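Here's the structure we're looking at; comments come further down.
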Amino acid sequence: MTALGESLAQRMTLGYLCTQYGLVASPRFSEPVTVTSIADDIDSIRPGSLLLITGQHVDAQLLADAEMRGAYAILAPAEAKESLESPDIPVLFGDLDTKQVAELAADIAGKPSESLAVFVVYGEDASASVKVLAEFLHVLGNPVGVVSATGSFSLDRQLDIHYPLSALDMQRLLSVCVEDGASAIAICADSRTLQKDALHAVEVDVLSLAQRTTLRRGQQDVLAQQASRIYGFALGGRTGVAARNEDSDTLAVQSNVFQDDDSTMRLSLSIAMVMSAGVKKNNIRSALRVSRELS
């Protein structure tokens, strides 16, 4: 379960949420009420929260408990409207799917992915590759966040979270990283780390395909579309797709940063990703020299 609220850039009125997401506020005069975070269970409520209720019975006691903990409003299924005709706390009624919830969470968080260079690694070697990518981004001079079931960090601070992460969890983590001063984030896209559609409403800059063999163009396209369908982010536009190539392999081998083939392969993938993001080869070579000196 999750609370989105450690770091937020926006304050949303209930009226705005009604207009934007087709919700109905009860009572109607509560539309000017402002919420500052979103939570999906009672224990995660903070003062100013909008409590999202799904898959549970909604009654007056639940509303009273939410209000006592500091919730400013409730988002409940449309079918609950008849049983809550005169609520003591503002209630938004509507049926949002997972993607709409992700968009709402991103809205309240101020769309944090737009303030970060977002790198997503998908494939059989994703977990190990994310670790090398994060280290390489750091050497390039970027304050980095990491999202992985093997350990998630906002800069040097380890984050205490439960996996796999939902779309709400992802918006919270992105917000925290922005607040901490990160300029880039490396995300492991695997079933241990992320739930389905967890990256909906996340602006992905570079998707990489962490495979142990070199991929042909057609194979890259198939895997990229697969990742997009599973995790909900959009391909095209600003999103580049990167896989190891001859240039990245050559730079990784020449760097002598790693002595084993697997680590060199992961470094090559990291190089391909930052090249896709627009980093120049001279900057990459300088970073590799620094990595070699530090290794």
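Here's how to read the names in the structure tokens: chain A, B, ... by the order shown, residue numbers from 1 in each chain, ligand numbers from 1 in the order shown.
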Under the rule of at most 12 Å, produce a per-residue listing of range 122-216 of chain A near range 35-39 of chain A: chain, number, name, the closest pair of atoms, and the distance in Å, as a Markdown table, using only C-alpha atoms.
| residue | atom | partner | partner_atom | distance |
| --- | --- | --- | --- | --- |
| A:Ser166 | CA | A:Ala39 | CA | 11.9 |
| A:Ala167 | CA | A:Ile38 | CA | 11.8 |
| A:Leu168 | CA | A:Ile38 | CA | 8.2 |
| A:Asp169 | CA | A:Ala39 | CA | 9.8 |
| A:Gln171 | CA | A:Ile38 | CA | 10.3 |
| A:Arg172 | CA | A:Ile38 | CA | 9.5 |
| A:Ser175 | CA | A:Ser37 | CA | 11.3 |
Which residues are near range 105-109 of chain A? Cut-off 12 Å, only C-alpha atoms, ignore same chain within fewer than 6 positions. Put them as JSON, numbers by chain. {"A": [2, 3, 4, 5, 6, 7, 8, 9, 10, 11, 12, 13, 14, 16, 17, 20, 21, 34, 35, 36, 37, 38, 39, 40, 48, 49, 50, 51, 52, 96, 98, 99, 115, 166, 167, 168, 169, 170, 171, 172, 173, 174, 175, 176, 177, 178, 179, 198, 199, 200, 201, 202, 203]}
Restrict the selected residues to N, CA and C atoms and save them as a short mmCIF file (atom, residue, chain, number, x, y, z; two decimals), in the first residue's frame.
data_model
loop_
_atom_site.label_atom_id
_atom_site.label_comp_id
_atom_site.auth_asym_id
_atom_site.auth_seq_id
_atom_site.Cartn_x
_atom_site.Cartn_y
_atom_site.Cartn_z
N THR A 2 0.27 2.36 -0.34
CA THR A 2 1.12 3.50 -0.60
C THR A 2 0.50 4.82 -0.20
N ALA A 3 1.34 5.76 0.10
CA ALA A 3 0.91 7.15 0.28
C ALA A 3 1.77 8.00 -0.60
N LEU A 4 1.15 8.78 -1.45
CA LEU A 4 1.89 9.69 -2.31
C LEU A 4 1.85 11.04 -1.65
N GLY A 5 2.96 11.47 -1.06
CA GLY A 5 2.88 12.74 -0.38
C GLY A 5 4.17 13.23 0.22
N GLU A 6 5.25 12.43 0.16
CA GLU A 6 6.50 12.92 0.76
C GLU A 6 6.99 14.17 0.05
N SER A 7 6.76 14.22 -1.24
CA SER A 7 7.19 15.38 -2.01
C SER A 7 6.16 15.66 -3.08
N LEU A 8 5.51 16.80 -3.03
CA LEU A 8 4.47 17.11 -3.99
C LEU A 8 4.64 18.52 -4.52
N ALA A 9 4.35 18.68 -5.81
CA ALA A 9 4.53 19.99 -6.43
C ALA A 9 3.20 20.69 -6.69
N GLN A 10 2.08 19.98 -6.52
CA GLN A 10 0.80 20.56 -6.88
C GLN A 10 -0.19 20.45 -5.74
N ARG A 11 -1.17 21.37 -5.74
CA ARG A 11 -2.33 21.26 -4.87
C ARG A 11 -3.53 21.24 -5.80
N MET A 12 -4.36 20.22 -5.67
CA MET A 12 -5.47 20.02 -6.58
C MET A 12 -6.79 20.22 -5.86
N THR A 13 -7.69 21.00 -6.45
CA THR A 13 -9.03 21.11 -5.88
C THR A 13 -9.86 19.92 -6.34
N LEU A 14 -10.87 19.60 -5.55
CA LEU A 14 -11.77 18.52 -5.92
C LEU A 14 -12.52 18.86 -7.21
N TYR A 16 -11.33 20.53 -9.76
CA TYR A 16 -10.44 20.23 -10.89
C TYR A 16 -10.45 18.74 -11.18
N LEU A 17 -10.37 17.90 -10.14
CA LEU A 17 -10.35 16.46 -10.33
C LEU A 17 -11.66 15.97 -10.95
N GLN A 20 -11.47 16.96 -14.66
CA GLN A 20 -10.41 16.26 -15.40
C GLN A 20 -10.68 14.77 -15.54
N TYR A 21 -11.33 14.17 -14.52
CA TYR A 21 -11.46 12.71 -14.51
C TYR A 21 -12.91 12.21 -14.48
N THR A 34 -9.02 21.53 -1.29
CA THR A 34 -7.74 21.19 -1.91
C THR A 34 -7.15 19.94 -1.26
N VAL A 35 -6.65 19.01 -2.09
CA VAL A 35 -5.92 17.85 -1.59
C VAL A 35 -4.46 17.98 -2.01
N THR A 36 -3.58 17.42 -1.19
CA THR A 36 -2.14 17.57 -1.44
C THR A 36 -1.42 16.24 -1.59
N SER A 37 -2.13 15.12 -1.43
CA SER A 37 -1.51 13.81 -1.59
C SER A 37 -2.59 12.79 -1.86
N ILE A 38 -2.18 11.58 -2.25
CA ILE A 38 -3.13 10.51 -2.49
C ILE A 38 -2.64 9.26 -1.78
N ALA A 39 -3.54 8.57 -1.11
CA ALA A 39 -3.19 7.34 -0.38
C ALA A 39 -4.17 6.25 -0.79
N ASP A 40 -3.73 4.99 -0.68
CA ASP A 40 -4.65 3.91 -1.03
C ASP A 40 -4.91 2.94 0.12
N GLY A 48 -4.32 16.13 4.55
CA GLY A 48 -4.50 16.63 3.19
C GLY A 48 -4.68 15.56 2.15
N SER A 49 -4.71 14.28 2.57
CA SER A 49 -4.79 13.18 1.61
C SER A 49 -6.16 13.05 0.95
N LEU A 50 -6.12 12.55 -0.27
CA LEU A 50 -7.29 12.00 -0.93
C LEU A 50 -7.15 10.49 -0.81
N LEU A 51 -8.09 9.83 -0.12
CA LEU A 51 -8.03 8.38 0.07
C LEU A 51 -8.73 7.68 -1.08
N LEU A 52 -8.00 6.84 -1.78
CA LEU A 52 -8.53 6.05 -2.88
C LEU A 52 -9.04 4.72 -2.34
N LEU A 96 -12.40 4.77 -11.77
CA LEU A 96 -11.17 5.00 -12.52
C LEU A 96 -10.42 3.69 -12.71
N THR A 98 -6.78 1.59 -13.74
CA THR A 98 -5.41 1.72 -13.25
C THR A 98 -4.68 2.88 -13.91
N LYS A 99 -4.88 3.04 -15.20
CA LYS A 99 -4.18 4.09 -15.93
C LYS A 99 -4.67 5.48 -15.52
N SER A 115 10.76 16.09 -14.83
CA SER A 115 11.92 16.77 -14.27
C SER A 115 13.15 15.86 -14.18
N SER A 166 3.35 -0.30 -7.44
CA SER A 166 2.19 0.12 -8.23
C SER A 166 2.47 1.44 -8.93
N ALA A 167 1.51 1.88 -9.72
CA ALA A 167 1.64 3.18 -10.39
C ALA A 167 1.72 4.31 -9.37
N LEU A 168 0.97 4.20 -8.26
CA LEU A 168 1.04 5.21 -7.20
C LEU A 168 2.41 5.22 -6.56
N ASP A 169 2.95 4.02 -6.30
CA ASP A 169 4.29 3.93 -5.72
C ASP A 169 5.33 4.62 -6.61
N MET A 170 5.21 4.40 -7.91
CA MET A 170 6.19 4.97 -8.83
C MET A 170 6.14 6.50 -8.81
N GLN A 171 4.95 7.07 -8.78
CA GLN A 171 4.86 8.52 -8.74
C GLN A 171 5.45 9.07 -7.45
N ARG A 172 5.24 8.35 -6.35
CA ARG A 172 5.82 8.78 -5.08
C ARG A 172 7.35 8.74 -5.15
N LEU A 173 7.89 7.65 -5.68
CA LEU A 173 9.35 7.53 -5.76
C LEU A 173 9.96 8.60 -6.67
N LEU A 174 9.31 8.85 -7.78
CA LEU A 174 9.80 9.89 -8.67
C LEU A 174 9.78 11.25 -7.98
N SER A 175 8.70 11.52 -7.23
CA SER A 175 8.59 12.78 -6.49
C SER A 175 9.71 12.92 -5.47
N VAL A 176 9.97 11.84 -4.74
CA VAL A 176 11.02 11.87 -3.72
C VAL A 176 12.38 12.14 -4.36
N CYS A 177 12.65 11.50 -5.49
CA CYS A 177 13.94 11.70 -6.16
C CYS A 177 14.10 13.14 -6.66
N VAL A 178 13.01 13.71 -7.19
CA VAL A 178 13.06 15.10 -7.63
C VAL A 178 13.35 16.02 -6.45
N GLU A 179 12.64 15.78 -5.34
CA GLU A 179 12.82 16.61 -4.14
C GLU A 179 14.24 16.51 -3.61
N ALA A 198 2.69 -0.04 -14.07
CA ALA A 198 3.32 0.81 -13.05
C ALA A 198 3.98 2.05 -13.65
N LEU A 199 4.32 2.00 -14.93
CA LEU A 199 4.99 3.15 -15.56
C LEU A 199 4.05 3.98 -16.42
N HIS A 200 2.74 3.73 -16.29
CA HIS A 200 1.81 4.61 -16.98
C HIS A 200 1.92 6.01 -16.38
N ALA A 201 1.86 7.03 -17.22
CA ALA A 201 2.02 8.43 -16.82
C ALA A 201 3.45 8.76 -16.42
N VAL A 202 4.39 7.90 -16.77
CA VAL A 202 5.82 8.18 -16.59
C VAL A 202 6.42 8.47 -17.97
N GLU A 203 7.08 9.62 -18.10
CA GLU A 203 7.73 9.99 -19.36
C GLU A 203 9.09 9.31 -19.42
#
From the DSSP assignment of the backbone, select every residue of range 35-221 of chain A that is strand (DSSP E), and format the answer as an MDAnalysis selection string. chainID A and resid 35 37:39 49:52 73:76 91:93 117:122 144:147 153:154 157:158 184:189 206:209
Using only C-alpha atoms, which residue out of A:Phe29, A:Tyr122, A:Tyr72, A:Phe233 lies closest to Gln220 in chain A?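 Once distances to Gln220 in chain A are computed over only C-alpha atoms, the minimum belongs to A:Tyr122.
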For Val58 in chain A, work out the shell of residues within 9 Å, counting only C-alpha atoms and skipping chain neighbours fewer than 5 positions away, then give it as a ChimeraX atom specification. /A:53,63,76-77,80,83-84
With C-alpha atoms retained, could you export that selection as a PDB file, in the first residue's frame?
ATOM      1  CA  ILE A  53     -10.942   3.222  -2.014  1.00  0.00           C
ATOM      2  CA  LEU A  63     -15.133   7.798   6.217  1.00  0.00           C
ATOM      3  CA  ALA A  76     -15.049   5.934  -3.913  1.00  0.00           C
ATOM      4  CA  PRO A  77     -16.697   3.753  -6.583  1.00  0.00           C
ATOM      5  CA  ALA A  80     -21.298   3.599  -3.275  1.00  0.00           C
ATOM      6  CA  SER A  83     -25.223   4.413   0.609  1.00  0.00           C
ATOM      7  CA  LEU A  84     -23.344   7.681   1.262  1.00  0.00           C
TER       8      LEU A  84
END
So that I can see what lies close to Gln225 in chain A, please list as a PDB file with C-alpha atoms, in the first residue's frame the residues with an atom at most 12 Å from it, counting only C-alpha atoms and leaving out residues fewer than 3 positions away in the same chain.
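And here's selection-v2.pdb as it stands now:
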ATOM      1  CA  TYR A 122      13.949  -4.295 -19.614  1.00  0.00           C
ATOM      2  CA  LEU A 207      14.291   2.223 -22.839  1.00  0.00           C
ATOM      3  CA  SER A 208      17.085  -0.321 -23.030  1.00  0.00           C
ATOM      4  CA  LEU A 209      16.902  -4.017 -23.795  1.00  0.00           C
ATOM      5  CA  GLY A 218      13.170  -6.461 -35.511  1.00  0.00           C
ATOM      6  CA  GLN A 219      13.895  -8.155 -32.181  1.00  0.00           C
ATOM      7  CA  GLN A 220      14.439  -4.764 -30.546  1.00  0.00           C
ATOM      8  CA  ASP A 221      11.053  -3.538 -31.771  1.00  0.00           C
ATOM      9  CA  VAL A 222       9.237  -6.638 -30.477  1.00  0.00           C
ATOM     10  CA  SER A 228       5.369  -0.869 -23.258  1.00  0.00           C
ATOM     11  CA  ARG A 229       2.308  -3.143 -23.083  1.00  0.00           C
ATOM     12  CA  ILE A 230       3.265  -4.664 -19.735  1.00  0.00           C
ATOM     13  CA  TYR A 231       4.328  -1.542 -17.857  1.00  0.00           C
ATOM     14  CA  GLY A 232       2.093   1.041 -19.503  1.00  0.00           C
ATOM     15  CA  PHE A 233       4.507   3.708 -20.743  1.00  0.00           C
ATOM     16  CA  ALA A 234       4.241   5.203 -24.212  1.00  0.00           C
ATOM     17  CA  LEU A 235       6.753   4.527 -26.965  1.00  0.00           C
ATOM     18  CA  GLY A 236       7.556   7.076 -29.637  1.00  0.00           C
ATOM     19  CA  VAL A 241      15.150   2.567 -27.622  1.00  0.00           C
TER      20      VAL A 241
END
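For the choices A:Asp156, A:Glu124, A:Glu31, A:Glu67, the atom-to-atom distance to Leu92 in chain A is smallest for A:Glu31 when using only C-alpha atoms.
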Of A:Ala134, A:Arg217, A:Pro87, A:Ile74, the one sitting nearest Val121 in chain A when using only C-alpha atoms is A:Ala134
Minimum-distance residue to Ala277 in chain A, chosen among A:Val118, A:Ala25, A:Ala227, A:Ala210 (using only C-alpha atoms):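 Using only C-alpha atoms, Ala277 in chain A sits closest to A:Val118.
When CA of Leu140 in chain A is paired with CA of Ala287 in chain A, their separation reads 5.6 Å.
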One number please: CA of Val24 in chain A to CA of Leu62 in chain A, in Å, one decimal.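 Atom-to-atom, CA of Val24 in chain A to CA of Leu62 in chain A, that is 19.2 Å.
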Which residue is closest to Ala126 in chain A? Choose from A:Thr54, A:Ser270, A:Ser44, A:Asn142 and count only C-alpha atoms.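 Among the listed residues, A:Ser270 lies closest to Ala126 in chain A.
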Cut-off 9 Å: closest range 88-130 of chain A/range 248-266 of chain A atom pairs per residue, using only C-alpha atoms, as a Markdown table:
| residue | atom | partner | partner_atom | distance |
| --- | --- | --- | --- | --- |
| A:Asp125 | CA | A:Arg266 | CA | 8.5 |
| A:Ala128 | CA | A:Arg266 | CA | 7.7 |
| A:Ser129 | CA | A:Arg266 | CA | 5.2 |
| A:Val130 | CA | A:Arg266 | CA | 8.5 |
Counting only C-alpha atoms, what is within 12 Å of Asn283 in chain A, bar same-chain residues fewer than 2 positions away, as a VMD selection string? chain A and resid 136 to 137 139 to 141 251 271 274 to 275 278 to 281 285 to 290
With DSSP run on the backbone, what are the alpha helix (DSSP H) residues within range 39-117 of chain A? I'd like them as a tab-separated table (two decimals) with all heavy atoms, in the first residue's frame.
chain	number	residue	atom	x	y	z
A	60	ALA	N	-19.96	4.69	6.61
A	60	ALA	CA	-19.73	5.91	7.39
A	60	ALA	C	-18.53	5.76	8.32
A	60	ALA	O	-17.80	6.73	8.56
A	60	ALA	CB	-20.98	6.27	8.18
A	61	GLN	N	-18.32	4.55	8.85
A	61	GLN	CA	-17.21	4.34	9.77
A	61	GLN	C	-15.87	4.51	9.07
A	61	GLN	O	-14.93	5.11	9.60
A	61	GLN	CB	-17.30	2.95	10.39
A	61	GLN	CG	-16.24	2.69	11.47
A	61	GLN	CD	-16.32	3.68	12.61
A	61	GLN	OE1	-17.39	3.85	13.20
A	61	GLN	NE2	-15.22	4.35	12.93
A	62	LEU	N	-15.77	3.99	7.85
A	62	LEU	CA	-14.53	4.14	7.08
A	62	LEU	C	-14.26	5.62	6.81
A	62	LEU	O	-13.12	6.09	6.94
A	62	LEU	CB	-14.64	3.37	5.76
A	62	LEU	CG	-13.44	3.49	4.81
A	62	LEU	CD1	-12.18	2.95	5.48
A	62	LEU	CD2	-13.72	2.75	3.50
A	63	LEU	N	-15.30	6.37	6.46
A	63	LEU	CA	-15.13	7.80	6.22
A	63	LEU	C	-14.69	8.52	7.49
A	63	LEU	O	-13.81	9.39	7.44
A	63	LEU	CB	-16.43	8.40	5.69
A	63	LEU	CG	-16.59	8.43	4.16
A	63	LEU	CD1	-16.55	7.03	3.57
A	63	LEU	CD2	-17.90	9.13	3.78
A	64	ALA	N	-15.30	8.14	8.63
A	64	ALA	CA	-14.93	8.78	9.90
A	64	ALA	C	-13.47	8.48	10.26
A	64	ALA	O	-12.75	9.36	10.71
A	64	ALA	CB	-15.86	8.28	11.01
A	65	ASP	N	-13.04	7.23	10.04
A	65	ASP	CA	-11.65	6.86	10.33
A	65	ASP	C	-10.69	7.65	9.43
A	65	ASP	O	-9.64	8.12	9.90
A	65	ASP	CB	-11.45	5.36	10.10
A	65	ASP	CG	-12.16	4.51	11.14
A	65	ASP	OD1	-12.57	5.06	12.18
A	65	ASP	OD2	-12.32	3.30	10.88
A	66	ALA	N	-11.05	7.79	8.16
A	66	ALA	CA	-10.20	8.52	7.23
A	66	ALA	C	-10.09	9.99	7.63
A	66	ALA	O	-9.00	10.58	7.61
A	66	ALA	CB	-10.75	8.39	5.81
A	67	GLU	N	-11.22	10.58	8.01
A	67	GLU	CA	-11.22	11.98	8.41
A	67	GLU	C	-10.39	12.18	9.68
A	67	GLU	O	-9.63	13.15	9.79
A	67	GLU	CB	-12.64	12.45	8.63
A	67	GLU	CG	-12.74	13.94	8.95
A	67	GLU	CD	-14.18	14.41	9.08
A	67	GLU	OE1	-15.07	13.57	9.33
A	67	GLU	OE2	-14.41	15.63	8.92
A	68	MET	N	-10.50	11.26	10.62
A	68	MET	CA	-9.76	11.37	11.87
A	68	MET	C	-8.25	11.32	11.62
A	68	MET	O	-7.47	11.98	12.30
A	68	MET	CB	-10.16	10.24	12.82
A	68	MET	CG	-9.48	10.30	14.19
A	68	MET	SD	-10.03	8.98	15.28
A	68	MET	CE	-9.32	7.56	14.44
A	98	THR	N	-6.78	1.59	-13.74
A	98	THR	CA	-5.41	1.72	-13.25
A	98	THR	C	-4.68	2.88	-13.91
A	98	THR	O	-3.94	3.63	-13.26
A	98	THR	CB	-4.62	0.42	-13.48
A	98	THR	OG1	-5.30	-0.66	-12.81
A	98	THR	CG2	-3.21	0.52	-12.94
A	99	LYS	N	-4.88	3.04	-15.20
A	99	LYS	CA	-4.18	4.09	-15.93
A	99	LYS	C	-4.67	5.48	-15.52
A	99	LYS	O	-3.88	6.42	-15.40
A	99	LYS	CB	-4.32	3.87	-17.43
A	99	LYS	CG	-3.60	2.62	-17.92
A	99	LYS	CD	-3.67	2.45	-19.42
A	99	LYS	CE	-2.86	1.23	-19.86
A	99	LYS	NZ	-2.90	1.04	-21.33
A	100	GLN	N	-5.97	5.62	-15.30
A	100	GLN	CA	-6.50	6.91	-14.86
A	100	GLN	C	-6.00	7.25	-13.45
A	100	GLN	O	-5.70	8.41	-13.16
A	100	GLN	CB	-8.03	6.89	-14.89
A	100	GLN	CG	-8.60	6.89	-16.29
A	100	GLN	CD	-10.11	6.70	-16.28
A	100	GLN	OE1	-10.63	5.77	-15.66
A	100	GLN	NE2	-10.82	7.58	-16.98
A	101	VAL	N	-5.90	6.24	-12.59
A	101	VAL	CA	-5.35	6.47	-11.24
A	101	VAL	C	-3.91	6.93	-11.35
A	101	VAL	O	-3.47	7.84	-10.63
A	101	VAL	CB	-5.45	5.19	-10.38
A	101	VAL	CG1	-4.67	5.35	-9.09
A	101	VAL	CG2	-6.92	4.88	-10.07
A	102	ALA	N	-3.14	6.33	-12.26
A	102	ALA	CA	-1.75	6.74	-12.45
A	102	ALA	C	-1.67	8.18	-12.92
A	102	ALA	O	-0.81	8.95	-12.45
A	102	ALA	CB	-1.06	5.81	-13.45
A	103	GLU	N	-2.55	8.56	-13.83
A	103	GLU	CA	-2.55	9.94	-14.32
A	103	GLU	C	-2.93	10.92	-13.21
A	103	GLU	O	-2.33	12.00	-13.10
A	103	GLU	CB	-3.51	10.06	-15.51
A	103	GLU	CG	-3.00	9.34	-16.76
A	103	GLU	CD	-4.08	9.13	-17.80
A	103	GLU	OE1	-5.20	9.63	-17.60
A	103	GLU	OE2	-3.80	8.44	-18.80
A	104	LEU	N	-3.90	10.54	-12.40
A	104	LEU	CA	-4.30	11.39	-11.29
A	104	LEU	C	-3.14	11.55	-10.30
A	104	LEU	O	-2.85	12.66	-9.82
A	104	LEU	CB	-5.52	10.79	-10.59
A	104	LEU	CG	-6.18	11.58	-9.47
A	104	LEU	CD1	-7.67	11.26	-9.40
A	104	LEU	CD2	-5.56	11.28	-8.11
A	105	ALA	N	-2.47	10.45	-9.99
A	105	ALA	CA	-1.33	10.50	-9.07
A	105	ALA	C	-0.21	11.37	-9.63
A	105	ALA	O	0.40	12.17	-8.90
A	105	ALA	CB	-0.80	9.09	-8.79
A	106	ALA	N	0.05	11.25	-10.93
A	106	ALA	CA	1.08	12.08	-11.56
A	106	ALA	C	0.69	13.55	-11.52
A	106	ALA	O	1.52	14.43	-11.30
A	106	ALA	CB	1.31	11.63	-13.01
A	107	ASP	N	-0.60	13.81	-11.73
A	107	ASP	CA	-1.11	15.19	-11.66
A	107	ASP	C	-0.84	15.80	-10.29
A	107	ASP	O	-0.32	16.91	-10.17
A	107	ASP	CB	-2.63	15.17	-11.91
A	107	ASP	CG	-3.02	15.98	-13.14
A	107	ASP	OD1	-2.13	16.58	-13.77
A	107	ASP	OD2	-4.22	16.02	-13.46
A	108	ILE	N	-1.23	15.08	-9.24
A	108	ILE	CA	-1.06	15.60	-7.88
A	108	ILE	C	0.41	15.77	-7.54
A	108	ILE	O	0.81	16.71	-6.84
A	108	ILE	CB	-1.76	14.67	-6.86
A	108	ILE	CG1	-3.27	14.71	-7.07
A	108	ILE	CG2	-1.42	15.07	-5.44
A	108	ILE	CD1	-4.06	13.79	-6.14
A	109	ALA	N	1.25	14.89	-8.08
A	109	ALA	CA	2.69	14.96	-7.80
A	109	ALA	C	3.41	15.99	-8.64
A	109	ALA	O	4.61	16.21	-8.47
A	109	ALA	CB	3.32	13.58	-8.02
